[in-house]
$ cat work-v5.cif   # mmCIF, C-alpha atoms
data_upload
loop_
_atom_site.label_atom_id
_atom_site.label_comp_id
_atom_site.auth_asym_id
_atom_site.auth_seq_id
_atom_site.Cartn_x
_atom_site.Cartn_y
_atom_site.Cartn_z
CA MET A 1232 89.08 -109.24 -50.75
CA LEU A 1233 90.01 -109.62 -54.40
CA ALA A 1234 90.07 -113.41 -54.01
CA LEU A 1235 86.56 -113.31 -52.55
CA ARG A 1236 85.31 -111.19 -55.45
CA LEU A 1237 86.91 -113.56 -57.94
CA ALA A 1238 85.35 -116.55 -56.17
CA ARG A 1239 81.92 -114.93 -56.26
CA GLY A 1240 82.23 -114.18 -59.94
CA SER A 1241 83.71 -117.52 -61.01
CA ASP A 1242 81.83 -120.24 -62.80
CA PRO A 1243 80.25 -123.18 -60.95
CA ALA A 1244 82.88 -125.61 -62.25
CA ALA A 1245 85.67 -123.68 -60.53
CA LEU A 1246 83.71 -123.54 -57.29
CA ALA A 1247 83.01 -127.28 -57.54
CA ARG A 1248 86.74 -127.95 -57.99
CA ARG A 1249 87.53 -125.88 -54.90
CA LEU A 1250 84.82 -127.69 -52.93
CA LEU A 1251 86.19 -131.04 -54.07
CA LEU A 1252 89.65 -129.97 -52.94
CA ALA A 1253 88.32 -128.85 -49.55
CA CYS A 1254 86.55 -132.21 -49.09
CA ALA A 1255 89.63 -134.18 -50.13
CA THR A 1256 91.80 -132.14 -47.78
CA ALA A 1257 89.33 -132.71 -44.95
CA GLY A 1258 89.36 -136.46 -45.55
CA VAL A 1259 93.13 -136.71 -45.67
CA GLY A 1260 93.45 -134.45 -42.63
CA PHE A 1261 91.05 -136.59 -40.65
CA LEU A 1262 92.89 -139.73 -41.74
CA LEU A 1263 96.23 -138.26 -40.62
CA LEU A 1264 94.80 -137.09 -37.30
CA ALA A 1265 93.29 -140.50 -36.61
CA ALA A 1266 96.54 -142.29 -37.45
CA LEU A 1267 98.62 -139.96 -35.28
CA ALA A 1268 96.14 -140.15 -32.39
CA ARG A 1269 96.22 -143.94 -32.56
CA ALA A 1270 100.03 -143.85 -32.56
CA ALA A 1271 100.03 -141.55 -29.54
CA ALA A 1272 97.57 -143.79 -27.69
CA HIS A 1273 99.59 -146.95 -28.29
CA PRO A 1274 103.29 -146.04 -28.37
CA GLU A 1275 104.33 -149.69 -28.00
CA ASP A 1276 103.00 -150.48 -31.51
CA GLY A 1277 105.58 -148.43 -33.39
CA ARG A 1278 105.65 -150.66 -36.45
CA LEU A 1279 101.86 -150.69 -36.77
CA ALA A 1280 101.75 -146.90 -36.37
CA ALA A 1281 104.35 -146.47 -39.10
CA LEU A 1282 102.31 -148.75 -41.36
CA ARG A 1283 99.17 -146.67 -40.74
CA LEU A 1284 101.05 -143.49 -41.56
CA LEU A 1285 102.42 -145.13 -44.69
CA TRP A 1286 98.86 -145.82 -45.80
CA CYS A 1287 98.19 -142.08 -45.49
CA VAL A 1288 100.81 -141.28 -48.15
CA VAL A 1289 98.65 -142.35 -51.12
CA PRO A 1290 95.64 -140.12 -50.25
CA LEU A 1291 98.04 -137.30 -49.39
CA ALA A 1292 99.73 -137.58 -52.80
CA PHE A 1293 96.33 -137.66 -54.50
CA THR A 1294 95.26 -134.51 -52.66
CA ALA A 1295 98.49 -132.72 -53.55
CA GLN A 1296 97.99 -133.62 -57.23
CA LEU A 1297 94.39 -132.45 -57.03
CA ALA A 1298 95.52 -129.14 -55.52
CA VAL A 1299 97.96 -128.61 -58.38
CA ALA A 1300 95.25 -129.40 -60.94
CA VAL A 1301 92.79 -127.03 -59.25
CA ALA A 1302 95.36 -124.24 -59.18
CA ARG A 1303 96.21 -124.70 -62.85
CA ALA A 1304 92.57 -124.80 -63.95
CA ASP A 1305 91.55 -121.83 -61.80
CA PRO A 1306 90.16 -119.06 -63.99
CA ALA A 1307 91.54 -116.50 -61.52
CA GLY A 1308 94.99 -117.23 -62.95
CA TRP A 1309 94.02 -116.39 -66.52
CA PRO A 1310 95.07 -112.96 -67.77
CA ARG A 1311 92.42 -110.26 -67.91
CA SER A 1312 92.86 -106.83 -69.36
CA GLY A 1313 91.07 -104.91 -66.59
CA LEU A 1314 93.26 -106.30 -63.83
CA ASP A 1315 96.43 -104.86 -65.35
CA ALA A 1316 95.32 -101.42 -64.23
CA ALA A 1317 94.89 -102.70 -60.67
CA GLY A 1318 98.46 -104.01 -60.60
CA MET A 1319 97.49 -107.64 -61.08
CA GLY A 1320 99.39 -108.48 -64.24
CA ARG A 1321 100.54 -111.78 -65.69
CA ALA A 1322 102.96 -112.47 -62.83
CA ARG A 1323 100.54 -111.97 -59.94
CA LEU A 1324 97.47 -113.79 -61.25
CA PRO A 1325 98.97 -117.29 -60.85
CA VAL A 1326 99.92 -116.34 -57.30
CA LEU A 1327 96.31 -115.37 -56.69
CA ALA A 1328 95.14 -118.74 -58.08
CA ALA A 1329 97.59 -120.55 -55.80
CA LEU A 1330 96.40 -118.55 -52.79
CA SER A 1331 92.75 -119.33 -53.50
CA THR A 1332 93.68 -123.02 -53.78
CA ALA A 1333 95.58 -122.82 -50.49
CA VAL A 1334 92.57 -121.23 -48.81
CA ALA A 1335 90.39 -124.12 -50.00
CA GLY A 1336 92.93 -126.54 -48.52
CA LEU A 1337 93.03 -124.66 -45.22
CA VAL A 1338 89.24 -124.71 -45.00
CA GLY A 1339 89.29 -128.48 -45.47
CA SER A 1340 92.00 -128.91 -42.84
CA ALA A 1341 90.10 -126.77 -40.34
CA LEU A 1342 86.95 -128.78 -41.01
CA ALA A 1343 88.86 -132.03 -40.42
CA LEU A 1344 90.23 -130.73 -37.13
CA LEU A 1345 86.76 -129.64 -35.96
CA VAL A 1346 85.18 -132.98 -36.86
CA PHE A 1347 88.05 -134.85 -35.22
CA LEU A 1348 87.75 -132.85 -32.00
CA HIS A 1349 83.98 -133.24 -32.03
CA LEU A 1350 84.08 -137.02 -32.45
CA ARG A 1351 86.72 -137.29 -29.72
CA GLY A 1352 84.45 -135.46 -27.32
CA ASP A 1353 86.59 -132.32 -26.96
CA LEU A 1354 83.80 -130.11 -28.36
CA SER A 1355 80.42 -130.46 -26.71
CA GLY A 1356 76.83 -129.53 -27.36
CA LEU A 1357 76.41 -131.11 -30.80
CA PRO A 1358 74.94 -134.45 -31.90
CA PHE A 1359 77.36 -137.41 -32.00
CA ASP A 1360 79.48 -135.71 -29.36
CA GLY A 1361 82.21 -138.15 -28.37
CA ALA A 1362 80.90 -140.93 -30.61
CA ALA A 1363 84.40 -142.19 -31.41
CA VAL A 1364 86.20 -141.73 -28.11
CA GLY A 1365 87.87 -145.13 -28.24
CA PRO A 1366 89.33 -145.22 -31.76
CA LEU A 1367 90.38 -141.56 -31.69
CA ASN A 1368 92.09 -141.64 -28.26
CA GLY A 1369 89.41 -139.50 -26.64
CA GLY A 1370 90.75 -139.84 -23.12
CA GLY A 1371 94.26 -138.70 -24.00
CA SER A 1372 95.52 -135.34 -25.05
CA LEU A 1373 95.46 -134.15 -28.65
CA PRO A 1374 98.85 -134.80 -30.26
CA LEU A 1375 100.34 -131.41 -31.00
CA GLY A 1376 102.27 -132.83 -33.93
CA ALA A 1377 99.01 -134.03 -35.46
CA ALA A 1378 97.41 -130.61 -35.30
CA LEU A 1379 100.55 -128.96 -36.69
CA THR A 1380 100.71 -131.51 -39.52
CA LEU A 1381 97.48 -130.13 -40.89
#
$ encode --input "work-v5.cif" --output "structure tokens"
Amino acid sequence: MLALRLARGSDPAALARRLLLACATAGVGFLLLAALARAAAHPEDGRLAALRLLWCVVPLAFTAQLAVAVARADPAGWPRSGLDAAGMGRARLPVLAALSTAVAGLVGSALALLVFLHLRGDLSGLPFDGAAVGPLNGGGSLPLGAALTL
């Protein structure tokens, strides 16, 4: 609840950084899911699947660096005099900034999973339902490792 109050009271630049992180996490998550689904659909192309996963390392490293930058620049981690009375001193405020950054990353990962499932045809009733059945291995089962990777 405190993180929600801090997010509501934060400046637009901090919210834009969190939104950028959520979008970057969603893009990398979708990229990882697509690569793992392709690898699960074609197990005979092990070398090509490893190459696709290797291409995912650069965006993943960029997103991790962005998450660190967002957590460091988060104004929730800056000391405030009123929060000392609530038990949120200098040691706990950076933890709160890291948690709010992690929540932004989780929102992006959940969004990537929903879009991936929707484009595969697993979720129905929305426009573009099953539009990418072929490239995303729509006929096969969802790789459990791919969902847990997020």
$ atom_distance --input "work-v5.cif" --atom1 "CA of Cys1287 (chain A)" --atom2 "CA of Ala1266 (chain A)"
8.2 Å
$ resolve_selection --input "work-v5.cif" --expression "the PyMOL selection byres ((chain A and resi 1339-1345) around 8)" --output "list in words"
Leu1252, Ala1253, Cys1254, Ala1255, Thr1256, Ala1257, Gly1258, Gly1260, Phe1261, Leu1264, Ala1335, Gly1336, Leu1337, Val1338, Val1346, Phe1347, Leu1348, His1349, Ala1378 and Leu1381 of chain A
$ closest_residue --input "work-v5.cif" --among "A:Pro1243, A:Leu1354, A:Ala1329, A:Leu1251" --to "Val1299 (chain A)" --atoms "only C-alpha atoms"
A:Ala1329
$ atom_distance --input "work-v5.cif" --atom1 "CA of Leu1291 (chain A)" --atom2 "CA of Ala1304 (chain A)"
20.0 Å
$ atom_distance --input "work-v5.cif" --atom1 "CA of Leu1284 (chain A)" --atom2 "CA of Leu1267 (chain A)"
7.6 Å
$ closest_residue --input "work-v5.cif" --among "A:Arg1303, A:Arg1323, A:Arg1283, A:Arg1351" --to "Arg1249 (chain A)" --atoms "all atoms listed in the file"
A:Arg1303
$ closest_residue --input "work-v5.cif" --among "A:Leu1246, A:Val1301, A:Ala1265, A:Ala1328" --to "Leu1350 (chain A)" --atoms "only C-alpha atoms"
A:Ala1265
$ residues_around --input "work-v5.cif" --residues "Val1288 (chain A)" --least-positions-apart "6" --cutoff "12 Å" --atoms "only C-alpha atoms" --output "list in words"
Val1259, Gly1260, Leu1262, Leu1263, Ala1266, Ala1281, Leu1282, Thr1294 and Ala1295 of chain A
$ closest_residue --input "work-v5.cif" --among "A:Leu1250, A:Gly1277, A:Gln1296, A:Ser1355" --to "Ser1331 (chain A)" --atoms "only C-alpha atoms"
A:Leu1250
$ closest_residue --input "work-v5.cif" --among "A:Leu1279, A:Ala1244, A:Val1334, A:Leu1379" --to "Ala1298 (chain A)" --atoms "all atoms listed in the file"
A:Val1334
